Amino acid sequence: MQNPETRLPEGSVPEEILQQWEKRGVSRRSFLKFCSAMTATLALPVTMMGRVAQALEADSSPPLIWLEFQDCAGDSEAFLRANQPTAAEIILDYLSVDYHETIMAAAGHQAEAAKHQTIEKYKGKYLVVVEGSIPMADGGVYCTVGGDSALNIARQVCGNAAATIAVGSCATFGGIPAATPNPTGAVSVREAVPGATVINLPGCPVNVQNLTATIVHYLTFGRLPATDQLARPKFAYGKRIHDNCERRSHFDAGQYAETFGDPGHRQGWCLYKLGCKGPETFHNCPTVRYNEGSSWPIQAGHGCLGCSEPQFWDAMTPFYRRLPQVPGFGVESTADKIGLGLIAATGVAFAAHAVASSFRKGDKLEADQVVKED
Amino acid sequence: MARKIAVDPITRIEGHLRIEAQIEGGKITNAWSSSTMYRGI
């Protein structure tokens, strides 16, 4: 009889790994589902699934420090409530989360001691997740933890880490605190600690599947996934919402919802005229979706707000008006060279559609009908 | 003799909080709370 080991098809997960996870209360079905979801999110070939599973089994689990600055804990909530194949359980079970203010038992100087211990003991080896922007104005008084400023903490913790994962739009690009007039001088982690190795996972909140996949990539390959010029992983931010949108065929056919609740809206037509920012937003929302892949804003009938793009609040408002004349495009020109060409083409397409649709309906220009917001 | 302790950060809450307490004879006689984060919104 052949050794069963040698007969395992490529990409399958060894039986003993499944048994070990079962002992920890994660069913083999859940674990396999998790591994295949991660492999798919990272756009790896199916044959890599076994390697992903083995990486999660290794003993060298890196400690993780989760820092919160000018945040709303939305990314923490997204992470802790992840029900996509028990992602949180698997990752939390595997990683040693040494510091996370929202969930840790210790408080005060005990909490700070845990953090300092990790920094000293695992210098250059631990991972950091940062949630929230960092205020630079007035000596950093607008966010302090344990009597020290967010800036000092970020410098110390991110500066000594193997890698820093900035999650959510505030930590990655400044987000809402950095919106005009930005009274606290809020900046992103990358701006506050230029020397640190930072990967950006913008979104409001971060899509937890992308965060988990980034961690799994690091565990599997020992490095962060490939990124674009804005330090965003290409597997998650390589394509525009518009490219993969399930309503794209309606855009191409010139079928637009003109107001919320109109017949076009009820039939699931394109939300571009209701202010959808999908054409200038790079994110994998259409394919990964949220809440166990059950839905995402455009599927639910609401246009994309462009929450994961730089300067999102200033560049993407007003939310319910058609794409503003191009300030967004300017922002995007830094995103990707390839994107730039596509955007120019899309701009032409928009103009063509607008003209065609105003002729077809013999109606007022749709720009006059869009909901005005004050 | 009054003694003052500070607990910062307070954990298992959403947000940033610092509590200072003044203790005299085993009783807290005064306490102060500070929200140590401001976003400007």
# chains A, B, ... in the order shown; residues from 1 in each chain; ligands from 1
call {"tool": "residues_around", "arguments": {"residues": "A:His217", "least_positions_apart": "2", "cutoff": "12 Å", "atoms": "only C-alpha atoms", "output": "NGL selection string"}}
result
:A and (35 or 38-44 or 48-49 or 51-53 or 55-56 or 209-215 or 219-226 or 233 or 235)
call {"tool": "residues_around", "arguments": {"residues": "stretch 13-17 of chain B", "least_positions_apart": "5", "cutoff": "8 Å", "atoms": "only C-alpha atoms", "output": "PDB file with all heavy atoms, in the first residue's frame"}}
result
ATOM      1  N   ASP A  71      -9.257  56.967  16.297  1.00  0.00           N
ATOM      2  CA  ASP A  71     -10.052  55.936  15.638  1.00  0.00           C
ATOM      3  C   ASP A  71     -11.446  55.887  16.220  1.00  0.00           C
ATOM      4  O   ASP A  71     -11.782  56.616  17.150  1.00  0.00           O
ATOM      5  CB  ASP A  71      -9.369  54.582  15.822  1.00  0.00           C
ATOM      6  CG  ASP A  71      -9.511  54.097  17.260  1.00  0.00           C
ATOM      7  OD1 ASP A  71      -9.467  54.947  18.164  1.00  0.00           O
ATOM      8  OD2 ASP A  71      -9.653  52.888  17.470  1.00  0.00           O
ATOM      9  N   CYS A  72     -12.269  55.014  15.678  1.00  0.00           N
ATOM     10  CA  CYS A  72     -13.597  54.768  16.230  1.00  0.00           C
ATOM     11  C   CYS A  72     -13.740  53.304  16.616  1.00  0.00           C
ATOM     12  O   CYS A  72     -14.820  52.858  16.941  1.00  0.00           O
ATOM     13  CB  CYS A  72     -14.670  55.150  15.214  1.00  0.00           C
ATOM     14  SG  CYS A  72     -14.669  54.087  13.768  1.00  0.00           S
ATOM     15  N   ALA A  73     -12.654  52.539  16.561  1.00  0.00           N
ATOM     16  CA  ALA A  73     -12.647  51.101  16.839  1.00  0.00           C
ATOM     17  C   ALA A  73     -13.455  50.311  15.801  1.00  0.00           C
ATOM     18  O   ALA A  73     -13.740  49.147  16.003  1.00  0.00           O
ATOM     19  CB  ALA A  73     -13.121  50.769  18.260  1.00  0.00           C
ATOM     20  N   GLU A 101      -6.087  47.507  23.172  1.00  0.00           N
ATOM     21  CA  GLU A 101      -6.801  48.179  24.265  1.00  0.00           C
ATOM     22  C   GLU A 101      -8.264  47.777  24.374  1.00  0.00           C
ATOM     23  O   GLU A 101      -8.804  47.686  25.478  1.00  0.00           O
ATOM     24  CB  GLU A 101      -6.707  49.702  24.088  1.00  0.00           C
ATOM     25  CG  GLU A 101      -5.350  50.249  24.489  1.00  0.00           C
ATOM     26  CD  GLU A 101      -5.112  51.641  23.920  1.00  0.00           C
ATOM     27  OE1 GLU A 101      -6.066  52.428  23.874  1.00  0.00           O
ATOM     28  OE2 GLU A 101      -3.976  51.919  23.512  1.00  0.00           O
ATOM     29  N   THR A 102      -8.919  47.559  23.234  1.00  0.00           N
ATOM     30  CA  THR A 102     -10.352  47.280  23.299  1.00  0.00           C
ATOM     31  C   THR A 102     -10.658  45.908  23.881  1.00  0.00           C
ATOM     32  O   THR A 102     -11.725  45.701  24.448  1.00  0.00           O
ATOM     33  CB  THR A 102     -10.977  47.416  21.887  1.00  0.00           C
ATOM     34  OG1 THR A 102     -10.621  48.686  21.369  1.00  0.00           O
ATOM     35  CG2 THR A 102     -12.479  47.308  21.928  1.00  0.00           C
ATOM     36  N   ILE A 103      -9.726  44.965  23.765  1.00  0.00           N
ATOM     37  CA  ILE A 103     -10.057  43.614  24.249  1.00  0.00           C
ATOM     38  C   ILE A 103      -9.160  43.100  25.365  1.00  0.00           C
ATOM     39  O   ILE A 103      -9.465  42.100  25.987  1.00  0.00           O
ATOM     40  CB  ILE A 103     -10.035  42.585  23.081  1.00  0.00           C
ATOM     41  CG1 ILE A 103      -8.696  42.605  22.364  1.00  0.00           C
ATOM     42  CG2 ILE A 103     -11.168  42.837  22.120  1.00  0.00           C
ATOM     43  CD1 ILE A 103      -8.553  41.501  21.321  1.00  0.00           C
ATOM     44  N   VAL A 145      -1.750  58.084  25.082  1.00  0.00           N
ATOM     45  CA  VAL A 145      -2.058  56.812  25.743  1.00  0.00           C
ATOM     46  C   VAL A 145      -0.972  56.573  26.786  1.00  0.00           C
ATOM     47  O   VAL A 145       0.215  56.625  26.459  1.00  0.00           O
ATOM     48  CB  VAL A 145      -2.084  55.631  24.747  1.00  0.00           C
ATOM     49  CG1 VAL A 145      -2.394  54.327  25.463  1.00  0.00           C
ATOM     50  CG2 VAL A 145      -3.081  55.879  23.628  1.00  0.00           C
TER      51      VAL A 145
ATOM     52  N   ASP B   8      -4.191  54.560  33.005  1.00  0.00           N
ATOM     53  CA  ASP B   8      -4.204  55.050  31.626  1.00  0.00           C
ATOM     54  C   ASP B   8      -3.370  54.097  30.793  1.00  0.00           C
ATOM     55  O   ASP B   8      -2.176  53.947  31.064  1.00  0.00           O
ATOM     56  CB  ASP B   8      -3.637  56.477  31.595  1.00  0.00           C
ATOM     57  CG  ASP B   8      -3.607  57.062  30.187  1.00  0.00           C
ATOM     58  OD1 ASP B   8      -4.181  56.443  29.277  1.00  0.00           O
ATOM     59  OD2 ASP B   8      -3.020  58.141  30.016  1.00  0.00           O
ATOM     60  N   SER B  33     -11.654  62.135  35.328  1.00  0.00           N
ATOM     61  CA  SER B  33     -11.549  61.337  34.111  1.00  0.00           C
ATOM     62  C   SER B  33     -11.173  62.246  32.949  1.00  0.00           C
ATOM     63  O   SER B  33     -11.617  63.405  32.891  1.00  0.00           O
ATOM     64  CB  SER B  33     -12.864  60.620  33.816  1.00  0.00           C
ATOM     65  OG  SER B  33     -13.841  61.539  33.404  1.00  0.00           O
ATOM     66  N   SER B  34     -10.327  61.757  32.058  1.00  0.00           N
ATOM     67  CA  SER B  34      -9.979  62.531  30.870  1.00  0.00           C
ATOM     68  C   SER B  34     -10.136  61.660  29.642  1.00  0.00           C
ATOM     69  O   SER B  34      -9.719  60.504  29.629  1.00  0.00           O
ATOM     70  CB  SER B  34      -8.527  63.025  30.919  1.00  0.00           C
ATOM     71  OG  SER B  34      -8.016  62.977  32.210  1.00  0.00           O
ATOM     72  N   SER B  35     -10.745  62.257  28.639  1.00  0.00           N
ATOM     73  CA  SER B  35     -10.768  61.600  27.343  1.00  0.00           C
ATOM     74  C   SER B  35      -9.511  62.063  26.632  1.00  0.00           C
ATOM     75  O   SER B  35      -9.333  63.247  26.387  1.00  0.00           O
ATOM     76  CB  SER B  35     -12.022  62.033  26.591  1.00  0.00           C
ATOM     77  OG  SER B  35     -11.984  61.502  25.301  1.00  0.00           O
ATOM     78  N   THR B  36      -8.622  61.127  26.340  1.00  0.00           N
ATOM     79  CA  THR B  36      -7.292  61.535  25.876  1.00  0.00           C
ATOM     80  C   THR B  36      -7.152  61.508  24.359  1.00  0.00           C
ATOM     81  O   THR B  36      -6.060  61.425  23.844  1.00  0.00           O
ATOM     82  CB  THR B  36      -6.202  60.648  26.508  1.00  0.00           C
ATOM     83  OG1 THR B  36      -6.434  59.299  26.103  1.00  0.00           O
ATOM     84  CG2 THR B  36      -6.223  60.738  28.010  1.00  0.00           C
ATOM     85  N   MET B  37      -8.277  61.544  23.657  1.00  0.00           N
ATOM     86  CA  MET B  37      -8.199  61.609  22.206  1.00  0.00           C
ATOM     87  C   MET B  37      -9.266  62.558  21.671  1.00  0.00           C
ATOM     88  O   MET B  37     -10.406  62.544  22.140  1.00  0.00           O
ATOM     89  CB  MET B  37      -8.358  60.214  21.603  1.00  0.00           C
ATOM     90  CG  MET B  37      -8.131  60.142  20.106  1.00  0.00           C
ATOM     91  SD  MET B  37      -9.627  60.445  19.168  1.00  0.00           S
ATOM     92  CE  MET B  37     -10.432  58.844  19.281  1.00  0.00           C
TER      93      MET B  37
END
call {"tool": "residues_around", "arguments": {"residues": "stretch 168-178 of chain A", "least_positions_apart": "5", "cutoff": "7 Å", "atoms": "only C-alpha atoms", "output": "list in words"}}
result
Asp75, Val130, Glu131, Gly132, Ser133, Gly185, Ala186, Val187, Ser188, Val189, Asn200, Leu201, Pro202, Gly203, Cys204, Pro205, Val206, Ser308, Pro310, Gln311, Phe312 and Trp313 of chain A; Arg39 and Gly40 of chain B
call {"tool": "closest_residue", "arguments": {"among": "B:Trp32, B:Thr11, B:Ala21, B:Lys27", "to": "chain A", "atoms": "only C-alpha atoms"}}
result
B:Thr11
call {"tool": "closest_residue", "arguments": {"among": "A:Arg322, A:His302, A:His250, A:His242", "to": "A:Pro286", "atoms": "only C-alpha atoms"}}
result
A:His242
call {"tool": "select_by_dssp", "arguments": {"residues": "stretch 10-190 of chain A", "states": "alpha helix (DSSP H)", "output": "CSV table (one decimal) with N, CA and C atoms, in the first residue's frame"}}
result
chain,number,residue,atom,x,y,z
A,15,GLU,N,-4.0,15.6,6.9
A,15,GLU,CA,-4.9,15.2,7.9
A,15,GLU,C,-4.6,15.6,9.3
A,16,GLU,N,-3.3,15.5,9.6
A,16,GLU,CA,-2.9,15.8,11.0
A,16,GLU,C,-3.2,17.3,11.4
A,17,ILE,N,-3.0,18.2,10.4
A,17,ILE,CA,-3.3,19.6,10.6
A,17,ILE,C,-4.7,19.8,10.9
A,18,LEU,N,-5.6,19.1,10.1
A,18,LEU,CA,-7.0,19.2,10.3
A,18,LEU,C,-7.4,18.7,11.7
A,19,GLN,N,-6.8,17.6,12.1
A,19,GLN,CA,-7.1,17.1,13.5
A,19,GLN,C,-6.7,18.0,14.6
A,20,GLN,N,-5.5,18.7,14.4
A,20,GLN,CA,-5.1,19.6,15.4
A,20,GLN,C,-6.0,20.8,15.6
A,21,TRP,N,-6.5,21.3,14.4
A,21,TRP,CA,-7.5,22.4,14.5
A,21,TRP,C,-8.8,21.9,15.1
A,22,GLU,N,-9.2,20.7,14.8
A,22,GLU,CA,-10.4,20.2,15.4
A,22,GLU,C,-10.3,20.1,16.9
A,23,LYS,N,-9.1,19.8,17.4
A,23,LYS,CA,-8.9,19.7,18.9
A,23,LYS,C,-9.1,21.1,19.5
A,28,ARG,N,-13.0,20.8,10.7
A,28,ARG,CA,-12.2,20.7,9.5
A,28,ARG,C,-12.8,21.5,8.3
A,29,ARG,N,-14.1,21.5,8.3
A,29,ARG,CA,-14.8,22.2,7.2
A,29,ARG,C,-14.5,23.7,7.3
A,30,SER,N,-14.6,24.3,8.6
A,30,SER,CA,-14.3,25.7,8.8
A,30,SER,C,-12.9,26.0,8.4
A,31,PHE,N,-12.0,25.1,8.8
A,31,PHE,CA,-10.5,25.4,8.5
A,31,PHE,C,-10.2,25.4,7.0
A,32,LEU,N,-10.8,24.4,6.3
A,32,LEU,CA,-10.6,24.3,4.9
A,32,LEU,C,-11.2,25.5,4.2
A,33,LYS,N,-12.4,25.9,4.7
A,33,LYS,CA,-13.1,27.0,4.1
A,33,LYS,C,-12.2,28.3,4.2
A,34,PHE,N,-11.6,28.4,5.4
A,34,PHE,CA,-10.8,29.5,5.7
A,34,PHE,C,-9.6,29.5,4.8
A,35,CYS,N,-8.9,28.4,4.7
A,35,CYS,CA,-7.7,28.3,3.8
A,35,CYS,C,-8.0,28.6,2.4
A,36,SER,N,-9.1,28.1,1.9
A,36,SER,CA,-9.5,28.3,0.5
A,36,SER,C,-9.9,29.7,0.3
A,37,ALA,N,-10.6,30.3,1.2
A,37,ALA,CA,-10.9,31.7,1.1
A,37,ALA,C,-9.7,32.6,1.0
A,38,MET,N,-8.7,32.3,1.9
A,38,MET,CA,-7.5,33.1,1.9
A,38,MET,C,-6.7,32.9,0.7
A,39,THR,N,-6.6,31.7,0.2
A,39,THR,CA,-5.9,31.4,-1.0
A,39,THR,C,-6.5,32.2,-2.2
A,40,ALA,N,-7.8,32.2,-2.2
A,40,ALA,CA,-8.5,32.9,-3.3
A,40,ALA,C,-8.4,34.4,-3.2
A,41,THR,N,-8.5,34.9,-2.0
A,41,THR,CA,-8.4,36.4,-1.8
A,41,THR,C,-7.0,36.9,-2.3
A,49,MET,N,-2.8,26.0,-1.3
A,49,MET,CA,-3.6,25.9,-0.1
A,49,MET,C,-2.9,25.1,1.0
A,50,GLY,N,-2.3,24.0,0.6
A,50,GLY,CA,-1.6,23.2,1.6
A,50,GLY,C,-0.5,24.0,2.3
A,51,ARG,N,0.2,24.9,1.6
A,51,ARG,CA,1.3,25.7,2.2
A,51,ARG,C,0.7,26.7,3.1
A,52,VAL,N,-0.5,27.3,2.7
A,52,VAL,CA,-1.1,28.2,3.6
A,52,VAL,C,-1.5,27.6,5.0
A,53,ALA,N,-2.0,26.4,4.9
A,53,ALA,CA,-2.4,25.6,6.0
A,53,ALA,C,-1.2,25.3,6.9
A,54,GLN,N,-0.1,24.9,6.3
A,54,GLN,CA,1.1,24.6,7.0
A,54,GLN,C,1.7,25.8,7.7
A,55,ALA,N,1.6,26.9,7.1
A,55,ALA,CA,2.1,28.2,7.7
A,55,ALA,C,1.4,28.5,8.9
A,74,GLY,N,-13.8,51.0,14.7
A,74,GLY,CA,-14.6,50.3,13.7
A,74,GLY,C,-13.8,49.1,13.1
A,75,ASP,N,-12.5,49.3,12.9
A,75,ASP,CA,-11.7,48.2,12.3
A,75,ASP,C,-11.6,47.0,13.3
A,76,SER,N,-11.4,47.4,14.6
A,76,SER,CA,-11.4,46.4,15.6
A,76,SER,C,-12.7,45.6,15.6
A,77,GLU,N,-13.8,46.3,15.5
A,77,GLU,CA,-15.1,45.6,15.5
A,77,GLU,C,-15.2,44.7,14.3
A,78,ALA,N,-14.8,45.2,13.2
A,78,ALA,CA,-14.8,44.4,12.0
A,78,ALA,C,-14.0,43.1,12.1
A,79,PHE,N,-12.9,43.3,12.7
A,79,PHE,CA,-12.0,42.1,12.9
A,79,PHE,C,-12.6,41.1,13.9
A,80,LEU,N,-13.0,41.6,15.0
A,80,LEU,CA,-13.5,40.7,16.1
A,80,LEU,C,-14.8,40.1,15.7
A,87,ALA,N,-12.5,33.3,10.9
A,87,ALA,CA,-11.2,33.9,10.6
A,87,ALA,C,-10.5,34.5,11.9
A,88,ALA,N,-11.4,35.2,12.7
A,88,ALA,CA,-10.8,35.8,13.9
A,88,ALA,C,-10.3,34.7,14.8
A,89,GLU,N,-11.1,33.6,15.0
A,89,GLU,CA,-10.6,32.6,15.9
A,89,GLU,C,-9.3,32.0,15.5
A,90,ILE,N,-9.2,31.7,14.2
A,90,ILE,CA,-8.0,31.0,13.7
A,90,ILE,C,-6.8,31.9,13.8
A,91,ILE,N,-7.0,33.2,13.4
A,91,ILE,CA,-5.9,34.1,13.5
A,91,ILE,C,-5.6,34.5,15.0
A,92,LEU,N,-6.6,34.7,15.8
A,92,LEU,CA,-6.4,35.0,17.2
A,92,LEU,C,-5.8,33.9,17.9
A,93,ASP,N,-6.1,32.7,17.5
A,93,ASP,CA,-5.6,31.5,18.2
A,93,ASP,C,-4.1,31.3,17.8
A,94,TYR,N,-3.8,31.7,16.6
A,94,TYR,CA,-2.5,31.5,16.1
A,94,TYR,C,-1.5,32.6,16.5
A,108,GLY,N,-4.0,50.3,32.3
A,108,GLY,CA,-3.0,51.1,33.0
A,108,GLY,C,-1.6,50.6,32.7
A,109,HIS,N,-0.8,50.7,33.8
A,109,HIS,CA,0.6,50.4,33.6
A,109,HIS,C,0.9,49.0,33.3
A,110,GLN,N,0.0,48.1,33.6
A,110,GLN,CA,0.1,46.7,33.3
A,110,GLN,C,0.0,46.5,31.8
A,111,ALA,N,-0.9,47.2,31.2
A,111,ALA,CA,-1.1,47.2,29.7
A,111,ALA,C,0.2,47.7,29.0
A,112,GLU,N,0.7,48.8,29.5
A,112,GLU,CA,1.8,49.4,28.9
A,112,GLU,C,3.0,48.5,29.1
A,113,ALA,N,3.1,47.8,30.2
A,113,ALA,CA,4.2,46.9,30.5
A,113,ALA,C,4.2,45.8,29.4
A,114,ALA,N,3.0,45.2,29.2
A,114,ALA,CA,2.9,44.1,28.2
A,114,ALA,C,3.5,44.6,26.8
A,115,LYS,N,3.1,45.8,26.5
A,115,LYS,CA,3.6,46.4,25.2
A,115,LYS,C,5.1,46.5,25.1
A,116,HIS,N,5.7,47.1,26.2
A,116,HIS,CA,7.1,47.3,26.2
A,116,HIS,C,7.9,45.9,26.2
A,117,GLN,N,7.3,45.0,26.9
A,117,GLN,CA,7.9,43.7,27.0
A,117,GLN,C,8.0,43.0,25.6
A,118,THR,N,6.9,43.1,24.8
A,118,THR,CA,6.9,42.6,23.5
A,118,THR,C,7.9,43.3,22.6
A,119,ILE,N,8.0,44.6,22.7
A,119,ILE,CA,8.9,45.4,21.9
A,119,ILE,C,10.3,44.9,22.2
A,120,GLU,N,10.6,44.8,23.4
A,120,GLU,CA,12.0,44.4,23.8
A,120,GLU,C,12.3,43.0,23.4
A,121,LYS,N,11.4,42.1,23.7
A,121,LYS,CA,11.7,40.7,23.6
A,121,LYS,C,11.7,40.2,22.1
A,150,ALA,N,0.6,59.9,20.7
A,150,ALA,CA,0.4,58.8,19.7
A,150,ALA,C,1.6,58.8,18.8
A,151,LEU,N,2.2,60.0,18.5
A,151,LEU,CA,3.3,60.0,17.6
A,151,LEU,C,4.5,59.3,18.2
A,152,ASN,N,4.8,59.5,19.5
A,152,ASN,CA,5.9,58.9,20.1
A,152,ASN,C,5.7,57.4,20.2
A,153,ILE,N,4.5,57.0,20.5
A,153,ILE,CA,4.2,55.5,20.5
A,153,ILE,C,4.3,54.9,19.2
A,154,ALA,N,3.8,55.5,18.1
A,154,ALA,CA,3.9,55.0,16.8
A,154,ALA,C,5.4,54.9,16.4
A,155,ARG,N,6.2,55.9,16.7
A,155,ARG,CA,7.6,55.8,16.4
A,155,ARG,C,8.3,54.6,17.0
A,156,GLN,N,8.0,54.5,18.3
A,156,GLN,CA,8.6,53.4,19.0
A,156,GLN,C,8.1,52.0,18.6
A,157,VAL,N,6.8,51.8,18.5
A,157,VAL,CA,6.2,50.5,18.3
A,157,VAL,C,6.4,50.1,16.8
A,158,CYS,N,6.1,51.0,15.9
A,158,CYS,CA,6.2,50.7,14.4
A,158,CYS,C,7.7,50.7,14.0
A,159,GLY,N,8.5,51.5,14.6
A,159,GLY,CA,9.9,51.6,14.2
A,159,GLY,C,10.7,50.3,14.5
A,168,GLY,N,-7.8,50.6,7.8
A,168,GLY,CA,-8.9,51.7,7.8
A,168,GLY,C,-8.3,53.0,7.2
A,169,SER,N,-9.3,53.8,6.8
A,169,SER,CA,-8.9,55.0,6.0
A,169,SER,C,-8.1,56.0,6.8
A,170,CYS,N,-8.3,56.1,8.2
A,170,CYS,CA,-7.6,57.1,9.0
A,170,CYS,C,-6.1,56.7,9.1
A,171,ALA,N,-5.8,55.5,9.5
A,171,ALA,CA,-4.4,55.1,9.6
A,171,ALA,C,-3.7,55.1,8.3
A,172,THR,N,-4.4,54.9,7.2
A,172,THR,CA,-3.7,54.8,5.9
A,172,THR,C,-3.5,56.1,5.2
A,173,PHE,N,-4.6,57.0,5.3
A,173,PHE,CA,-4.5,58.2,4.6
A,173,PHE,C,-4.9,59.4,5.4
A,189,VAL,N,-0.1,56.8,9.2
A,189,VAL,CA,1.1,56.2,9.8
A,189,VAL,C,2.3,56.3,9.0
A,190,ARG,N,2.1,56.2,7.7
A,190,ARG,CA,3.3,56.3,6.8
A,190,ARG,C,3.9,57.7,6.8
call {"tool": "select_by_dssp", "arguments": {"residues": "stretch 167-321 of chain A", "states": "strand (DSSP E)", "output": "list in words"}}
result
Val167, Ala186, Val187, Val198, Ile199, Asn200 and Leu201 of chain A
call {"tool": "atom_distance", "arguments": {"atom1": "atom CA of A:Ala166", "atom2": "atom CA of A:Pro279"}}
result
24.2 Å
call {"tool": "atom_distance", "arguments": {"atom1": "atom CA of A:Pro14", "atom2": "atom CA of A:Ser27"}}
result
14.2 Å
call {"tool": "residues_around", "arguments": {"residues": "B:Glu24", "least_positions_apart": "6", "cutoff": "7 Å", "atoms": "only C-alpha atoms", "output": "PyMOL selection string"}}
result
chain B and resi 1-3
call {"tool": "residues_around", "arguments": {"residues": "B:Tyr38", "least_positions_apart": "6", "cutoff": "9 Å", "atoms": "only C-alpha atoms", "output": "list of chain:residue names"}}
result
A:Gln70, A:Pro135, A:Val141, A:Tyr142, A:Cys143, A:Pro177, A:Thr184
call {"tool": "write_last_selection", "arguments": {"atoms": "N, CA, C and O atoms", "output": "short mmCIF file (atom, residue, chain, number, x, y, z; two decimals), in the first residue's frame"}}
result
data_model
loop_
_atom_site.label_atom_id
_atom_site.label_comp_id
_atom_site.auth_asym_id
_atom_site.auth_seq_id
_atom_site.Cartn_x
_atom_site.Cartn_y
_atom_site.Cartn_z
N GLN A 70 -6.41 58.01 16.63
CA GLN A 70 -7.65 58.76 16.38
C GLN A 70 -8.58 57.86 15.59
O GLN A 70 -8.69 57.96 14.37
N PRO A 135 -2.26 62.52 15.34
CA PRO A 135 -2.28 63.98 15.34
C PRO A 135 -0.89 64.57 15.60
O PRO A 135 -0.23 64.21 16.57
N VAL A 141 -0.77 66.57 21.45
CA VAL A 141 -1.63 66.47 22.65
C VAL A 141 -3.01 65.88 22.35
O VAL A 141 -3.72 65.49 23.28
N TYR A 142 -3.39 65.81 21.07
CA TYR A 142 -4.76 65.39 20.77
C TYR A 142 -4.98 63.89 20.84
O TYR A 142 -6.10 63.42 20.65
N CYS A 143 -3.93 63.15 21.06
CA CYS A 143 -4.12 61.72 21.35
C CYS A 143 -2.96 61.23 22.19
O CYS A 143 -1.82 61.22 21.72
N PRO A 177 -10.47 62.43 10.43
CA PRO A 177 -9.79 63.46 11.23
C PRO A 177 -8.93 64.39 10.37
O PRO A 177 -8.75 65.56 10.70
N THR A 184 -6.43 68.91 14.17
CA THR A 184 -5.44 68.24 15.02
C THR A 184 -4.18 67.87 14.24
O THR A 184 -3.29 67.22 14.79
#
call {"tool": "residues_around", "arguments": {"residues": "B:Glu20", "least_positions_apart": "5", "cutoff": "8 Å", "atoms": "only C-alpha atoms", "output": "PyMOL selection string"}}
result
chain B and resi 4-7+31-33
call {"tool": "write_last_selection", "arguments": {"atoms": "N, CA, C and O atoms", "output": "PDB file, in the first residue's frame"}}
result
ATOM      1  N   LYS B   4      -2.273  59.493  45.064  1.00  0.00           N
ATOM      2  CA  LYS B   4      -2.970  59.653  43.792  1.00  0.00           C
ATOM      3  C   LYS B   4      -2.533  58.536  42.843  1.00  0.00           C
ATOM      4  O   LYS B   4      -1.342  58.265  42.718  1.00  0.00           O
ATOM      5  N   ILE B   5      -3.498  57.878  42.241  1.00  0.00           N
ATOM      6  CA  ILE B   5      -3.140  56.880  41.232  1.00  0.00           C
ATOM      7  C   ILE B   5      -3.788  57.256  39.893  1.00  0.00           C
ATOM      8  O   ILE B   5      -4.823  57.907  39.857  1.00  0.00           O
ATOM      9  N   ALA B   6      -3.131  56.838  38.828  1.00  0.00           N
ATOM     10  CA  ALA B   6      -3.674  57.085  37.486  1.00  0.00           C
ATOM     11  C   ALA B   6      -3.741  55.768  36.737  1.00  0.00           C
ATOM     12  O   ALA B   6      -2.790  54.985  36.785  1.00  0.00           O
ATOM     13  N   VAL B   7      -4.860  55.506  36.123  1.00  0.00           N
ATOM     14  CA  VAL B   7      -4.987  54.325  35.266  1.00  0.00           C
ATOM     15  C   VAL B   7      -5.188  54.817  33.828  1.00  0.00           C
ATOM     16  O   VAL B   7      -6.186  55.466  33.520  1.00  0.00           O
ATOM     17  N   ALA B  31     -11.892  62.030  42.178  1.00  0.00           N
ATOM     18  CA  ALA B  31     -11.487  61.325  40.959  1.00  0.00           C
ATOM     19  C   ALA B  31     -11.701  62.211  39.740  1.00  0.00           C
ATOM     20  O   ALA B  31     -12.579  63.079  39.743  1.00  0.00           O
ATOM     21  N   TRP B  32     -10.846  61.997  38.760  1.00  0.00           N
ATOM     22  CA  TRP B  32     -10.919  62.787  37.524  1.00  0.00           C
ATOM     23  C   TRP B  32     -10.861  61.840  36.328  1.00  0.00           C
ATOM     24  O   TRP B  32     -10.086  60.883  36.336  1.00  0.00           O
ATOM     25  N   SER B  33     -11.654  62.135  35.328  1.00  0.00           N
ATOM     26  CA  SER B  33     -11.549  61.337  34.111  1.00  0.00           C
ATOM     27  C   SER B  33     -11.173  62.246  32.949  1.00  0.00           C
ATOM     28  O   SER B  33     -11.617  63.405  32.891  1.00  0.00           O
TER      29      SER B  33
END
